[in-house]
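Colleague: Take this structure, written in C-alpha cells, and hold onto it; I'll ask about it next.
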Amino acid sequence: MNNLMPDEHEGSLVFPEQFELKAELGTIRLHVFLDSGFFNTNSDVPVLNHNHASYEVQFVHKGTVALCTENGDFAIQGGSFCLIPPGMYHSQKRAEPWEAVHKSCFTFRYDLLSIPKPDYPTVETNELLYALANIPFFIAESSREIEAWIVAAKEEFQSRPVGYYAKLQSLFAQLILEVIRSSPRIRSAPRRELSSQPTADSRIGIIDCFFSEHFSRPLRESDLASRLYVSQRQLNRILHDLYGMSFRQKLLCTRMKVAMDLLKNTELSVKDIASNVGYPFAENFHAHFKKHANMTPSSFRARSKCAF
C-alpha cells in the first residue's frame, strides 16, 4: 500500500495494484489512493454498482460516461469531472457502446496532523474541514490547469526525477483543492459560514479516525483536542454530545470492540489480544473486559464459538 515506486520489468513500467500518496493542505493530511484507474486512461467501463469509504474523483478526458447514482443518472462528458462523496452507491457505463472513453480517477480521505502547525491559520483549516464534510456529489467543467496537473503527475511517476515525491505531493494538493473549490455548494456559501467551527459530521470523522488508528497506544486528551482545535474541557463536552461518553470511555469502548472481534475471529491468546489493544498487563485487560461485557474474555470467546 505505501510503496510508491512503480516496478520495472523488462524495460516497461508496471504499477502496483494500489498505492498511497500522502499530501497536505495546511494541517489536513490527505491520503490519496492511486491504481490503474489513474494511469490507464482508456477506460474499461462498465463498472457495477458500488461505493467507497473515501471520496472518488473522476476526470473524463474523452467520450461520455453514463453515471448512475442513488440521486439519479448523469452524463459526465469529456472535459469535465465529478466528485462522488463517501458512501454514495454508483455504477457507470459508456453513454454509447461504440464510443471510446478516456478518463483518470483516484480516491482520497483525510485526517488532521498529529502535531498542528502553529503558524498555519486555524480559520483556513476550519474552512477546509467544513468544505470536506459538506461537499456533495457534483459535476464541474475541468480546466487546462487541472488537465496539466494530471499529465504532470503521470510524467513524474514515470520519469521519477530528483524530488519527484515532493512534486507529486504539491500536484495532488493543488488538484484536490481545486476540486473542493469547484463544488457549487462551496462556491455559493458565504465566507462567514465557511469560517465557522467544524461541523458535527467533520468532528465525528476526525474523532473516529483518531481512536480507530491509535487505540493501542497510550492516548491523552490533549492529543485529540489539538486535532479539533479545542480545549480539553470543550473536547469532553463534544464527546458527551456526540457519543454520550468521556474520552476514557470512548477509548475503552474502542478497545473492547476490537478485543471482541479478535476473540471471536482469531486464535490469539488473551494475553496477546490484551497487548494488541493497548494493555501491557493482561490482568488490567481482564478486569476492564469483564466490567464492559459482564463476562470474562475466555467466556466471551466460548460463547462466540457456540453461536456458530
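Following the order of the C-alpha cells, chains are lettered A, B, ..., residues in each are numbered from 1, and ligands are numbered from 1.
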Near Asn49 (chain A), counting only C-alpha atoms, which residues have an atom at most 9 Å away, once you skip same-chain residues fewer than 2 positions from it, shown as a ChimeraX atom specification?
Modeller: /A:47,51,68-69,89-92
Colleague: Return as a count of residues only the full set of residues in region 122-292 of chain A whose backbone-based DSSP assignment is helix (DSSP H, G or I).
Modeller: 129
Colleague: Excluding Asn276 (chain A) and its own-chain neighbours fewer than 3 positions away, which residues fall within 12 Å of it when counting only C-alpha atoms? Please give them as number ranges by chain.
Modeller: A: 214-217, 255-256, 258-263, 268-273, 279-282, 285
Colleague: Take the residues from that selection and write them out as a short mmCIF file (atom, residue, chain, number, x, y, z; two decimals), in the first residue's frame, keeping C-alpha atoms.
Modeller:
data_model
loop_
_atom_site.label_atom_id
_atom_site.label_comp_id
_atom_site.auth_asym_id
_atom_site.auth_seq_id
_atom_site.Cartn_x
_atom_site.Cartn_y
_atom_site.Cartn_z
CA HIS A 214 -4.34 4.90 17.77
CA PHE A 215 -6.34 2.87 20.31
CA SER A 216 -3.40 0.55 21.04
CA ARG A 217 -1.21 3.45 22.22
CA ARG A 255 -10.51 -1.18 22.65
CA MET A 256 -13.25 -3.55 23.79
CA VAL A 258 -11.52 -4.60 18.78
CA ALA A 259 -10.85 -7.15 21.53
CA MET A 260 -14.25 -8.79 20.98
CA ASP A 261 -13.57 -9.08 17.28
CA LEU A 262 -10.16 -10.67 17.94
CA LEU A 263 -11.61 -13.09 20.49
CA LEU A 268 -4.73 -15.27 19.54
CA SER A 269 -4.24 -15.80 23.24
CA VAL A 270 -5.96 -13.45 25.68
CA LYS A 271 -2.54 -12.11 26.64
CA ASP A 272 -1.69 -11.29 23.01
CA ILE A 273 -5.08 -9.66 22.46
CA TYR A 279 -2.86 -3.29 27.73
CA PRO A 280 0.71 -4.20 28.72
CA PHE A 281 -0.72 -6.20 31.65
CA ALA A 282 -3.31 -8.88 30.86
CA PHE A 285 -7.43 -6.05 30.34
#
Colleague: Report as JSON lines the residues of region 12-89 of chain A within 7 Å of region 169-174 of chain A, each with its shortest atom pair and distance in Å (one decimal), using only C-alpha atoms, ordered by chain and increasing residue number.
Modeller:
{"residue": "A:Lys22", "atom": "CA", "partner": "A:Gln169", "partner_atom": "CA", "distance": 6.7}
{"residue": "A:Ala23", "atom": "CA", "partner": "A:Gln169", "partner_atom": "CA", "distance": 4.7}
{"residue": "A:Glu24", "atom": "CA", "partner": "A:Ala173", "partner_atom": "CA", "distance": 6.2}
{"residue": "A:Leu25", "atom": "CA", "partner": "A:Ala173", "partner_atom": "CA", "distance": 6.2}
Colleague: Can those selected residues be exported to a file as a PDB file, in the first residue's frame so that it contains C-alpha atoms?
Modeller:
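Generated output (result.pdb):
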ATOM      1  CA  LYS A  22       0.272  11.444   1.338  1.00  0.00           C
ATOM      2  CA  ALA A  23      -0.015  15.176   0.790  1.00  0.00           C
ATOM      3  CA  GLU A  24      -1.054  18.118   2.944  1.00  0.00           C
ATOM      4  CA  LEU A  25      -3.434  21.050   2.830  1.00  0.00           C
TER       5      LEU A  25
END
Colleague: List the neighbours of region 58-66 of chain A out to 7 Å using only C-alpha atoms; skip same-chain residues closer than 6 positions along the sequence, and give me the result as a PyMOL selection string.
Modeller: chain A and resi 74-83+92-95+99-106
Colleague: Pro116 (chain A): which residues within 12 Å, counting only C-alpha atoms, same-chain residues fewer than 3 positions away excluded, as a list of chain:residue names?
Modeller: A:Glu24, A:Leu25, A:Gly26, A:Thr27, A:Ile28, A:Arg29, A:Asp111, A:Leu112, A:Leu113, A:Asp119, A:Tyr120, A:Pro121, A:Thr122, A:Thr125, A:Ser222, A:Asp223, A:Leu224, A:Ala225, A:Ser226, A:Arg227, A:Leu228, A:Tyr229, A:Val230
Colleague: Quick one: distance from CA of Pro297 (chain A) to CA of Glu213 (chain A) in Å, one decimal?
Modeller: 22.8 Å
Colleague: Tell me, as a PDB file with C-alpha atoms, in the first residue's frame, which residues lie within 9 Å of region 248-253 of chain A, counting only C-alpha atoms; anything in the same chain fewer than 4 positions away does not count.
Modeller:
ATOM      1  CA  PHE A 211      -9.451   6.300  18.104  1.00  0.00           C
ATOM      2  CA  PHE A 215      -6.344   2.867  20.305  1.00  0.00           C
ATOM      3  CA  LEU A 219      -3.516   8.365  24.425  1.00  0.00           C
ATOM      4  CA  GLU A 221      -6.980  14.074  25.774  1.00  0.00           C
ATOM      5  CA  LEU A 239     -17.560  13.724  23.136  1.00  0.00           C
ATOM      6  CA  TYR A 243     -21.230   9.861  21.837  1.00  0.00           C
ATOM      7  CA  GLY A 244     -22.600  10.225  25.348  1.00  0.00           C
ATOM      8  CA  LYS A 257     -14.858  -3.669  20.330  1.00  0.00           C
ATOM      9  CA  VAL A 258     -11.517  -4.597  18.776  1.00  0.00           C
ATOM     10  CA  HIS A 288     -11.859  -3.984  32.109  1.00  0.00           C
ATOM     11  CA  HIS A 292     -17.586  -3.961  29.987  1.00  0.00           C
TER      12      HIS A 292
END
Colleague: Provide the CA of Arg301 (chain A) to CA of Asn265 (chain A) distance in Å, to one decimal place.
Modeller: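 These two atoms are separated by 9.0 Å.
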